[in-house]
Protein chains: 4
Amino acid sequence: MKAANKHVKIISAATKVFAKKGFFNARISDIAKEAKVADGTIYLYFNNKIDILRSVFEEEIDTIIQHTRKLISAEGDPRKKLEIFIVTHLSYMKKNKNLAEVMQIELRQSTKLIKDYRNTKFNEYIDIIAEIIYQGQQQKIFRKDILPNIAKRTLFGALDEVSRVWNISLETHYSVEEAGCQIIKMFIFGMLDSRG
Amino acid sequence: MKAANKHVKIISAATKVFAKKGFFNARISDIAKEAKVADGTIYLYFNNKIDILRSVFEEEIDTIIQHTRKLISAEGDPRKKLEIFIVTHLSYMKKNKNLAEVMQIELRQSTKLIKDYRNTKFNEYIDIIAEIIYQGQQQKIFRKDILPNIAKRTLFGALDEVSRVWNISLETHYSVEEAGCQIIKMFIFGMLDSRG
Amino acid sequence: MKAANKHVKIISAATKVFAKKGFFNARISDIAKEAKVADGTIYLYFNNKIDILRSVFEEEIDTIIQHTRKLISAEGDPRKKLEIFIVTHLSYMKKNKNLAEVMQIELRQSTKLIKDYRNTKFNEYIDIIAEIIYQGQQQKIFRKDILPNIAKRTLFGALDEVSRVWNISLETHYSVEEAGCQIIKMFIFGMLDSRG
Amino acid sequence: MKAANKHVKIISAATKVFAKKGFFNARISDIAKEAKVADGTIYLYFNNKIDILRSVFEEEIDTIIQHTRKLISAEGDPRKKLEIFIVTHLSYMKKNKNLAEVMQIELRQSTKLIKDYRNTKFNEYIDIIAEIIYQGQQQKIFRKDILPNIAKRTLFGALDEVSRVWNISLETHYSVEEAGCQIIKMFIFGMLDSRG
DNA sequence: AATGAATGAGCATTCATTCAT
DNA sequence: TATGAATGAATGCTCATTCAT
């Protein structure tokens with residue numbers, strides 16, 4: 001009970017601190033202070049600093065995965081499912097700027113820091129996109145010449161970059177609806193003009 | 001002359017080192033050794049470590065900007081221009097994995113490290129996309145309801161994420177042509193099936 | 001009863017752990033694990049880490065003292081008594097390599113760690129040598145110009161160094177008998193050749 | 001020139017600090033302060049803390065080796081050579097209490113800390129004893145049934161323990177002459193009374 | 001301009017000790 | 001008595017930056 005509580009507190013504190021300072025500028029003592037535990041306590045729950053990063057990343061993404069899957073399963077049309085994915089991702093990142101930051105920065109760092117990067121939660125997350133596209137292709141809604149594994153990267157990258165801007169204080173900010181709508185248009189209908 | 005030479009050598013060395021180790025794990029002495037100069041010499045050309053990062057970033061991007069602009073100006077059709085941008089970016093990143101890495105990692109770090117992130121070369125680079133789309137809209141080739149400033153982020157993000165995979169050794173690698181073709185299809189024609 | 005049992009278990013565990021890792025590299029949790037008690041339990045029986053060291057040292061030496069005194073008291077001839085001391089010490093150290101290690105390392109550390117080093121069991125132990133020599137001098141068996149208090153150090157040092165080698169894995173190992181015989185020869189008869 | 005100077009200063013400071021506090025209680029910053037250099041400077045000359053210990057040990061012993069060999073080579077009689085070794089060792093340790101401490105403590109630690117302990121300066125040092133004894137045996141001055149490799153340990157141990165007492169402030173102190181004379185008597189003539 | 005030896009602030013991690021249960 | 005989670009002081013080592021040459 002208490003242990004689980006501490007674990008959660010540390011993860012949550014680390015998310016906040018990593019978001020604010022970035023992984024390398026974050027000090028363990030910052031996380032400890034934010035979590036209101038002693039420095040040493042952190043090492044009762046995590047092996048080292050990178051382990052905290054990995055945990056934050058995996059656990060936070062797991063939450064979006066569950067959330068997204070739930071919303072998507074309630075909908076049958078692949079087009080709608082894709083829209084839901086897009087809007088959910090953007091909403092989530094706009095609401096959880098800390099998580100967005102951590103994903104922005106650490107997804108890139110992690111390639112170097114975390115050895116085996118295959119079977120991670122991140123891949124599970126973007127595979128949701130691939131699944132939706134595949135289903136759409138089976139139902140002849142989406143073009144068969146689109147490779148789901150490239151498309152998933154393309155869409156994720158687009159969403160990621162758009163939401164990145166929300167963490168840059170000086171930029172013009174678009175709303176989730178506006179950005180989501182734009183991305184949906186581009187991906188689903190393409191950019192070409194004049195069509196029925 | 002000699003000074004300029006050293007400057008170039010250091011930038012080039014730094015790109016290599018940052019790419020290999022990431023900004024925080026890169027040591028000034030690594031860069032100095034790679035550039036075959038003394039550690040102290042670096043401080044004759046740059047103020048500090050972040051200044052090197054900023055310079056690497058700006059100068060490398062400037063090179064792509066010049067390169068891309070040249071190729072695009074030779075073509076009139078916005079669709080073709082967009083294709084050129086896409087293929088050029090991907091080719092460049094596949095060829096210059098170091099630069100790709102630096103962009104991948106440092107673009108995100110830099111939000112925190114580099115104070116004023118508005119008038120940078122990076123923005124100049126993605127504004128090329130916005131310009132092409134704007135031109136396309138003027139020529140009634142692209143839909144008017146697409147906002148160029150969101151579209152530029154969307155496309156850049158897509159390209160960035162797709163090329164990120166090339167630096168992850170364990171992933172399946174797509175060719176530049178395949179990836180470029182897929183992105184063009186999605187962005188220009190959309191993903192919907194059965195159209196004229 | 002139970003308390004005494006725990007005390008013994010901890011002392012015994014500490015001897016093993018100190019021997020294996022040395023005082024500074026030994027962790028309280030190592031000792032606790034070896035003794036199969038909780039870390040905190042150790043502090044019910046000892047004040048702190050140094051207190052454990054001191055206790056280990058004193059109690060282990062006390063055991064040799066009792067053992068040695070028993071064997072010596074059964075013998076009248078000081079020459080034989082000295083031989084018994086020599087052989088007993090070497091046998092004991094060869095059998096209890098842990099104790100040997102603790103004596104080797106900690107006897108030296110302790111000078112710094114343990115404030116008042118006079119009335120310790122260690123002094124009681126080497127005083128056995130002094131007593132034997134004194135008796136031998138009274139019985140005109142040993143030379144009167146030997147100072148028992150220097151001789152006790154000399155002999156103990158010799159025994160200590162010879163047994164130290166048994167804990168260095170790569171060295172050539174002599175048997176207890178061989179080493180004991182050599183030390184007896186040197187100390188009792190001296191190294192000069194050609195005598196009746 | 002300067003580099004060599006720093007190296008010497010650090011070795012000398014480390015000897016002092018190790019002697020005063022022992023290896024584990026000595027802080028790098030203590031050594032740095034004593035040597036009047038910055039903490040980081042130490043790492044320009046040594047790889048790590050243990051490397052300093054090893055260097056101190058080896059370099060200090062090397063000095064005694066040179067010193068002792070010189071004195072011994074001037075003398076032909078093995079008995080005299082042995083006397084010289086004994087007195088020289090004791091004098092050296094009484095004068096250099098820091099070195100004595102370092103030898104006392106670190107010789108034992110090092111078994112655990114320093115991996116390959118065979119070809120060290122220490123072995124070179126005590127082999128001087130073995131050589132003297134071997135020569136004496138060839139010249140039929142020393143008994144042939146004494147094994148030089150055991151005898152060298154025996155004598156070194158005796159000297160070591162006797163000089164250890166000089167670093168324990170509360171003990172009665174013997175003079176070098178007295179202690180040396182006693183050890184010579186015991187080792188060369190044995191302890192038996194009434195002989196020609 | 002160029003060097004590289006020297007600096008010293010900074011930080012992840014460990015572990016003896018405590019104390020609520 | 002006994003536990004073991006929690007504490008937080010302590011420290012070896014790194015590396016960006018400086019500066020005498």
# chains A, B, ... in the order shown; residues from 1 in each chain; ligands from 1
>>> residues_around(residues="region 175-182 of chain A", least_positions_apart="5", cutoff="12 Å", atoms="only C-alpha atoms (C1' of nucleotides)", output="number ranges by chain")
A: 82-95, 155, 158-163, 165-166, 187-191; B: 143-155, 187
>>> interface_residues(of="chain F", to="chain A", cutoff="7 Å", atoms="only C-alpha atoms (C1' of nucleotides)", output="PyMOL selection string")
chain F and resi 6-8
>>> atom_distance(atom1="CA of Leu107 (chain D)", atom2="CA of Phe57 (chain D)")
8.2 Å
>>> residues_around(residues="DA12 (chain E)", least_positions_apart="3", cutoff="9 Å", atoms="only C-alpha atoms (C1' of nucleotides)", output="VMD selection string")
chain A and resid 27 to 28 48 to 49
>>> write_last_selection(atoms="N, CA and C atoms", output="PDB file, in the first residue's frame")
ATOM      1  N   ARG A  27      18.095  16.575 -11.415  1.00  0.00           N
ATOM      2  CA  ARG A  27      18.879  15.914 -10.378  1.00  0.00           C
ATOM      3  C   ARG A  27      17.978  14.978  -9.573  1.00  0.00           C
ATOM      4  N   ILE A  28      18.568  13.903  -9.113  1.00  0.00           N
ATOM      5  CA  ILE A  28      17.808  12.955  -8.298  1.00  0.00           C
ATOM      6  C   ILE A  28      17.199  13.680  -7.101  1.00  0.00           C
ATOM      7  N   ASN A  48      18.310   3.030 -10.923  1.00  0.00           N
ATOM      8  CA  ASN A  48      19.143   4.195 -11.191  1.00  0.00           C
ATOM      9  C   ASN A  48      18.338   5.229 -11.968  1.00  0.00           C
ATOM     10  N   LYS A  49      18.987   6.288 -12.327  1.00  0.00           N
ATOM     11  CA  LYS A  49      18.288   7.416 -12.945  1.00  0.00           C
ATOM     12  C   LYS A  49      17.608   7.004 -14.256  1.00  0.00           C
TER      13      LYS A  49
END
>>> interface_residues(of="chain E", to="chain C", cutoff="10 Å", atoms="only C-alpha atoms (C1' of nucleotides)", output="list of chain:residue names")
E:DC15, E:DA16, E:DT17, E:DT18, E:DC19
>>> select_by_dssp(residues="chain A", states="helix (DSSP H, G or I)", output="PyMOL selection string")
chain A and resi 2-21+28-35+39-45+49-73+78-95+97-113+121-138+148-167+176-189
>>> decode(residues="region 33-183 of chain B", atoms="C-alpha atoms", output="tab-separated table (two decimals), in the first residue's frame")
chain	number	residue	atom	x	y	z
B	33	LYS	CA	40.15	15.28	-30.34
B	34	GLU	CA	37.88	14.65	-33.31
B	35	ALA	CA	38.71	18.11	-34.68
B	36	LYS	CA	42.39	17.62	-33.91
B	37	VAL	CA	42.68	20.79	-31.90
B	38	ALA	CA	43.34	21.47	-28.26
B	39	ASP	CA	40.40	21.70	-25.85
B	40	GLY	CA	41.11	25.35	-25.21
B	41	THR	CA	41.08	26.18	-28.91
B	42	ILE	CA	37.39	25.41	-29.07
B	43	TYR	CA	36.75	28.33	-26.75
B	44	LEU	CA	38.40	30.68	-29.21
B	45	TYR	CA	35.60	29.93	-31.65
B	46	PHE	CA	32.62	29.20	-29.41
B	47	ASN	CA	31.44	30.62	-26.11
B	48	ASN	CA	30.47	27.37	-24.52
B	49	LYS	CA	29.13	23.90	-25.17
B	50	ILE	CA	25.60	25.03	-25.92
B	51	ASP	CA	26.93	27.56	-28.34
B	52	ILE	CA	28.53	24.72	-30.28
B	53	LEU	CA	25.24	22.87	-30.33
B	54	ARG	CA	23.39	25.90	-31.56
B	55	SER	CA	26.00	26.52	-34.25
B	56	VAL	CA	26.05	22.93	-35.41
B	57	PHE	CA	22.32	22.95	-35.63
B	58	GLU	CA	22.02	26.26	-37.42
B	59	GLU	CA	24.83	25.69	-39.86
B	60	GLU	CA	23.82	22.19	-40.78
B	61	ILE	CA	20.26	23.23	-41.34
B	62	ASP	CA	21.43	26.18	-43.38
B	63	THR	CA	23.10	23.75	-45.71
B	64	ILE	CA	19.88	21.80	-46.24
B	65	ILE	CA	17.97	25.00	-46.72
B	66	GLN	CA	20.27	26.14	-49.52
B	67	HIS	CA	20.27	22.70	-51.07
B	68	THR	CA	16.49	22.32	-50.89
B	69	ARG	CA	15.73	25.81	-52.14
B	70	LYS	CA	17.91	25.26	-55.17
B	71	LEU	CA	16.13	22.04	-56.14
B	72	ILE	CA	12.69	23.49	-55.53
B	73	SER	CA	13.24	26.69	-57.46
B	74	ALA	CA	13.88	24.64	-60.57
B	75	GLU	CA	10.37	23.23	-60.40
B	76	GLY	CA	7.07	25.07	-60.83
B	77	ASP	CA	4.37	22.64	-59.75
B	78	PRO	CA	3.73	22.84	-55.97
B	79	ARG	CA	2.96	19.11	-55.93
B	80	LYS	CA	6.37	18.41	-57.39
B	81	LYS	CA	7.97	20.92	-55.04
B	82	LEU	CA	6.44	19.12	-52.09
B	83	GLU	CA	7.68	15.82	-53.43
B	84	ILE	CA	11.15	17.29	-53.81
B	85	PHE	CA	11.11	18.57	-50.24
B	86	ILE	CA	10.05	15.20	-48.94
B	87	VAL	CA	12.55	13.18	-50.90
B	88	THR	CA	15.38	15.64	-50.30
B	89	HIS	CA	14.82	15.65	-46.56
B	90	LEU	CA	14.70	11.88	-46.35
B	91	SER	CA	17.75	11.41	-48.58
B	92	TYR	CA	19.68	13.96	-46.61
B	93	MET	CA	18.85	12.35	-43.31
B	94	LYS	CA	19.60	8.88	-44.55
B	95	LYS	CA	22.96	10.04	-45.87
B	96	ASN	CA	23.81	12.23	-42.88
B	97	LYS	CA	22.81	10.06	-40.00
B	98	ASN	CA	24.86	12.26	-37.72
B	99	LEU	CA	22.86	15.30	-38.66
B	100	ALA	CA	19.68	13.33	-38.34
B	101	GLU	CA	20.63	12.30	-34.83
B	102	VAL	CA	21.53	15.82	-33.89
B	103	MET	CA	18.21	17.07	-35.19
B	104	GLN	CA	16.32	14.26	-33.54
B	105	ILE	CA	17.80	14.74	-30.14
B	106	GLU	CA	18.86	18.32	-30.04
B	107	LEU	CA	15.80	19.87	-31.60
B	108	ARG	CA	13.98	18.72	-28.47
B	109	GLN	CA	16.70	19.55	-26.01
B	110	SER	CA	17.18	22.91	-27.52
B	111	THR	CA	13.76	24.08	-26.50
B	112	LYS	CA	15.17	24.12	-23.01
B	113	LEU	CA	18.73	25.03	-23.80
B	114	ILE	CA	18.35	27.74	-26.36
B	115	LYS	CA	16.35	30.62	-25.00
B	116	ASP	CA	14.87	32.42	-27.96
B	117	TYR	CA	13.80	29.80	-30.39
B	118	ARG	CA	11.86	31.92	-32.77
B	119	ASN	CA	14.04	33.28	-35.53
B	120	THR	CA	16.13	30.24	-36.04
B	121	LYS	CA	17.24	28.44	-39.10
B	122	PHE	CA	14.97	25.59	-38.16
B	123	ASN	CA	11.92	27.76	-38.62
B	124	GLU	CA	13.29	28.99	-41.89
B	125	TYR	CA	13.58	25.38	-42.99
B	126	ILE	CA	10.03	24.28	-42.24
B	127	ASP	CA	8.70	27.56	-43.60
B	128	ILE	CA	9.75	26.25	-47.00
B	129	ILE	CA	6.94	23.73	-46.63
B	130	ALA	CA	4.49	26.44	-45.64
B	131	GLU	CA	5.48	28.50	-48.66
B	132	ILE	CA	5.00	25.62	-51.06
B	133	ILE	CA	1.57	24.88	-49.63
B	134	TYR	CA	0.61	28.54	-49.77
B	135	GLN	CA	1.66	28.73	-53.41
B	136	GLY	CA	-0.29	25.55	-54.11
B	137	GLN	CA	-3.34	27.06	-52.51
B	138	GLN	CA	-2.99	30.24	-54.58
B	139	GLN	CA	-2.78	28.09	-57.68
B	140	LYS	CA	-5.85	26.18	-56.52
B	141	ILE	CA	-3.92	22.96	-56.46
B	142	PHE	CA	-4.05	22.51	-52.69
B	143	ARG	CA	-7.15	22.84	-50.54
B	144	LYS	CA	-7.63	26.27	-49.03
B	145	ASP	CA	-8.82	24.87	-45.70
B	146	ILE	CA	-5.38	23.55	-44.91
B	147	LEU	CA	-3.43	25.92	-42.66
B	148	PRO	CA	0.15	26.06	-43.98
B	149	ASN	CA	1.54	26.63	-40.48
B	150	ILE	CA	-0.02	23.45	-39.17
B	151	ALA	CA	0.71	21.53	-42.33
B	152	LYS	CA	4.39	22.41	-42.17
B	153	ARG	CA	4.60	20.91	-38.68
B	154	THR	CA	2.64	17.87	-39.71
B	155	LEU	CA	4.81	17.11	-42.68
B	156	PHE	CA	8.07	17.84	-40.91
B	157	GLY	CA	7.04	15.66	-37.98
B	158	ALA	CA	6.20	12.82	-40.31
B	159	LEU	CA	9.52	13.07	-42.11
B	160	ASP	CA	11.40	13.39	-38.86
B	161	GLU	CA	9.85	10.34	-37.28
B	162	VAL	CA	10.30	8.23	-40.39
B	163	SER	CA	13.97	9.15	-40.60
B	164	ARG	CA	14.42	8.62	-36.87
B	165	VAL	CA	13.92	4.93	-37.43
B	166	TRP	CA	16.98	4.83	-39.66
B	167	ASN	CA	19.10	5.52	-36.64
B	168	ILE	CA	17.65	2.71	-34.62
B	169	SER	CA	19.79	-0.22	-35.59
B	170	LEU	CA	17.34	-2.98	-34.76
B	171	GLU	CA	14.36	-1.70	-36.74
B	172	THR	CA	13.33	-2.76	-40.21
B	173	HIS	CA	14.66	-0.19	-42.65
B	174	TYR	CA	12.67	1.20	-45.50
B	175	SER	CA	14.36	2.78	-48.48
B	176	VAL	CA	14.19	6.52	-49.06
B	177	GLU	CA	12.14	5.90	-52.19
B	178	GLU	CA	9.62	3.68	-50.47
B	179	ALA	CA	9.22	5.95	-47.47
B	180	GLY	CA	9.11	9.08	-49.64
B	181	CYS	CA	6.53	7.57	-51.93
B	182	GLN	CA	4.33	6.57	-49.01
B	183	ILE	CA	4.46	9.99	-47.42
